[in-house]
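Here's the structure we're looking at; comments come further down.
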Amino acid sequence: MTRIGIIVGSTRPNRNSEKVARWVHDIASQRGDAEFELIDLRDHTLPHLDEPMPPSYGQYQNEHTKQWSATIAAFDGFVIASPEYNHGIPGVLKNALDYLYTEWTNKAVGFVTWGAVGGARAAEHLRTIAGELQMADVRRQVTLSLAADFEHYTEFAPGDHQAAAANAMLDQVITWSTALAPVRAAAAAA
Ligand SMILES: Cc1cc2nc3c(=O)[nH]c(=O)nc-3n(C[C@H](O)[C@H](O)[C@H](O)COP(=O)(O)O)c2cc1C
């Protein structure tokens, strides 16, 4: 079955990302068309990229990179739950994305973002990165408003319409992740 990893995109104390990612996981787990697992960046402590070779070479020297590579390689597609930090994404998330290359390629990715304007600028940042990693970023996304979908900016209370938005995004992620399986197989055999 298609395996989708849901990435918890921030690591600071009191983060909202864990609540949002768990909400996505709860919605996804009610579906029967794929398997879903949380990938918490707190469980994959990575220093600032410290590999001597570019990630696209896949010649990893460090144990933390090899472990991160094995984690990401096991999935067919991803949902990234990311806040907006200074009109971009958290450095810890960018670093985690930068660490690998082929483990991301030919896989679909959908976005759940939040911020003052739904994390829209973080989502656009992620789409630029996904293009360079040769990921298929889906159009449907979930944009959560800090004012409307959180109480006091910390208590996550998503609007009723947001579950439907999450499922619409998941529909596309699963369809494209599954459709790209032969492309991934051909790339692995080359
Ligand atoms: C370093 C930092 C920068 C931020 N910059 C923005 C921003 O540019 N735009 C925005 O809408 N919200 C911004 N925020 C607010 C965050 O989107 C909000 O606090 C969010 O809950 C942070 O996610 P987290 O709790 O998972 O870390 C920023 C927050 C932090 C900590």
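Labels for the structure tokens follow display order: chains A, B, ..., residues from 1 in each chain, ligands from 1.
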Go through range 17-169 of chain A and collect every residue that DSSP, computed from the backbone, puts in helix (DSSP H, G or I); the answer should be as a PyMOL selection string. chain A and resi 17-29+41-43+55-57+63-73+91-98+120-132+161-169
Find the residues near ligand 1. Use a cut-off of 10 Å, count only C-alpha atoms and all ligand atoms, and write them as an MDAnalysis selection string. chainID A and resid 8:21 81:91 113:122 144:146 150 153:156
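Each of A:Ala190, A:Tyr99, A:Ala108, A:Ala147 was checked against Gly131 in chain A using only C-alpha atoms; the smallest atom-to-atom distance is that of A:Ala108.
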Name the residues of chain A that come out as strand (DSSP E or B) in a backbone DSSP run; write them as a count of residues only. 39
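We find CA of Ala28 in chain A and CA of His152 in chain A to be spaced 26.5 Å apart.
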Who sits within 8 Å of Ala166 in chain A, only C-alpha atoms, same chain under 5 positions skipped, as a PyMOL selection string: chain A and resi 24+27+112+141-142
Output file for the residues above (N, CA and C atoms, as a compact mmCIF listing (two decimals), in the first residue's frame):
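Output below, filename out22.txt:
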```txt
# COMPACT_ATOMS: atom_id res chain seq x y z
N VAL A 24 -3.82 16.15 11.02
CA VAL A 24 -3.77 15.59 9.65
C VAL A 24 -3.72 14.07 9.73
N ILE A 27 -7.13 12.56 10.52
CA ILE A 27 -8.02 12.58 9.34
C ILE A 27 -7.58 11.51 8.35
N VAL A 112 0.44 21.62 4.39
CA VAL A 112 -0.46 22.19 5.40
C VAL A 112 0.36 23.28 6.10
N GLN A 141 -4.21 22.47 -0.98
CA GLN A 141 -3.41 22.62 0.24
C GLN A 141 -4.32 23.09 1.37
N VAL A 142 -3.80 22.98 2.56
CA VAL A 142 -4.55 23.45 3.73
C VAL A 142 -3.84 24.68 4.26
```
Write out, as CSV, each residue of range 56-169 of chain A that has an atom at most 10 Å from range 40-49 of chain A, together with the closest pair of atoms and their distance in Å to one decimal, counting only C-alpha atoms, rows going by chain and rising number.
```
residue,atom,partner,partner_atom,distance
A:His64,CA,A:Leu46,CA,6.6
A:Thr65,CA,A:Leu46,CA,7.7
A:Gln67,CA,A:His44,CA,8.2
A:Trp68,CA,A:His44,CA,6.8
A:Thr71,CA,A:His44,CA,9.3
A:Gly91,CA,A:His48,CA,9.3
A:Val92,CA,A:Leu41,CA,7.9
A:Leu93,CA,A:Leu41,CA,7.7
A:Lys94,CA,A:His48,CA,9.9
A:Asn95,CA,A:His48,CA,6.4
A:Ala96,CA,A:Leu46,CA,7.2
A:Leu97,CA,A:Leu49,CA,10.0
A:Asp98,CA,A:Leu49,CA,7.4
A:Tyr99,CA,A:Leu49,CA,6.1
A:Leu100,CA,A:Leu49,CA,9.8
```
Per residue of range 42-101 of chain A within 8 Å of range 168-184 of chain A, what are the shortest atom pair and its distance in Å to one decimal, counting only C-alpha atoms, with rows by chain and residue number, as JSON lines?
```
{"residue": "A:Asp76", "atom": "CA", "partner": "A:Ser177", "partner_atom": "CA", "distance": 5.6}
{"residue": "A:Gly77", "atom": "CA", "partner": "A:Ser177", "partner_atom": "CA", "distance": 5.3}
{"residue": "A:Phe78", "atom": "CA", "partner": "A:Val173", "partner_atom": "CA", "distance": 7.4}
{"residue": "A:Val79", "atom": "CA", "partner": "A:Val173", "partner_atom": "CA", "distance": 7.8}
```
With all heavy atoms retained, export the selected residues as a compact mmCIF listing (two decimals), in the first residue's frame.
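See selection_23.txt below for the written result:
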```txt
# COMPACT_ATOMS: atom_id res chain seq x y z
N ASP A 76 6.38 6.81 -0.04
CA ASP A 76 6.05 7.07 -1.44
C ASP A 76 5.63 8.52 -1.67
O ASP A 76 5.60 8.98 -2.82
CB ASP A 76 4.89 6.16 -1.86
CG ASP A 76 5.22 4.69 -1.66
OD1 ASP A 76 6.21 4.24 -2.26
OD2 ASP A 76 4.50 4.02 -0.89
N GLY A 77 5.28 9.21 -0.62
CA GLY A 77 4.84 10.60 -0.73
C GLY A 77 4.79 11.23 0.64
O GLY A 77 4.97 10.53 1.66
N PHE A 78 4.53 12.53 0.66
CA PHE A 78 4.63 13.27 1.93
C PHE A 78 3.56 14.36 2.05
O PHE A 78 3.09 14.91 1.04
CB PHE A 78 6.01 13.96 2.04
CG PHE A 78 7.14 12.98 1.97
CD1 PHE A 78 7.76 12.71 0.75
CD2 PHE A 78 7.56 12.31 3.10
CE1 PHE A 78 8.78 11.77 0.67
CE2 PHE A 78 8.59 11.37 3.03
CZ PHE A 78 9.20 11.10 1.80
N VAL A 79 3.24 14.65 3.29
CA VAL A 79 2.54 15.88 3.64
C VAL A 79 3.51 16.63 4.54
O VAL A 79 4.06 16.04 5.49
CB VAL A 79 1.23 15.59 4.39
CG1 VAL A 79 0.62 16.88 4.91
CG2 VAL A 79 0.25 14.85 3.48
```
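Nearest-residue note for Tyr101 in chain A: choosing from A:Trp23, A:Phe36, A:Phe75, A:Tyr57, the minimum distance belongs to A:Tyr57, counting only C-alpha atoms.
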Pick from A:Arg127, A:Gln162, A:Met135, A:Ile72 nearest to Ala148 in chain A, counting only C-alpha atoms: A:Gln162
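For the choices A:Ala34, A:Ala123, A:Ile39, A:Ile4, the atom-to-atom distance to Asp137 in chain A is smallest for A:Ala123 when using only C-alpha atoms.
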Quick one: of A:Gly110, A:Ile80, A:Pro158, A:Ser56, who's nearest to Leu133 in chain A, counting only C-alpha atoms? A:Ser56
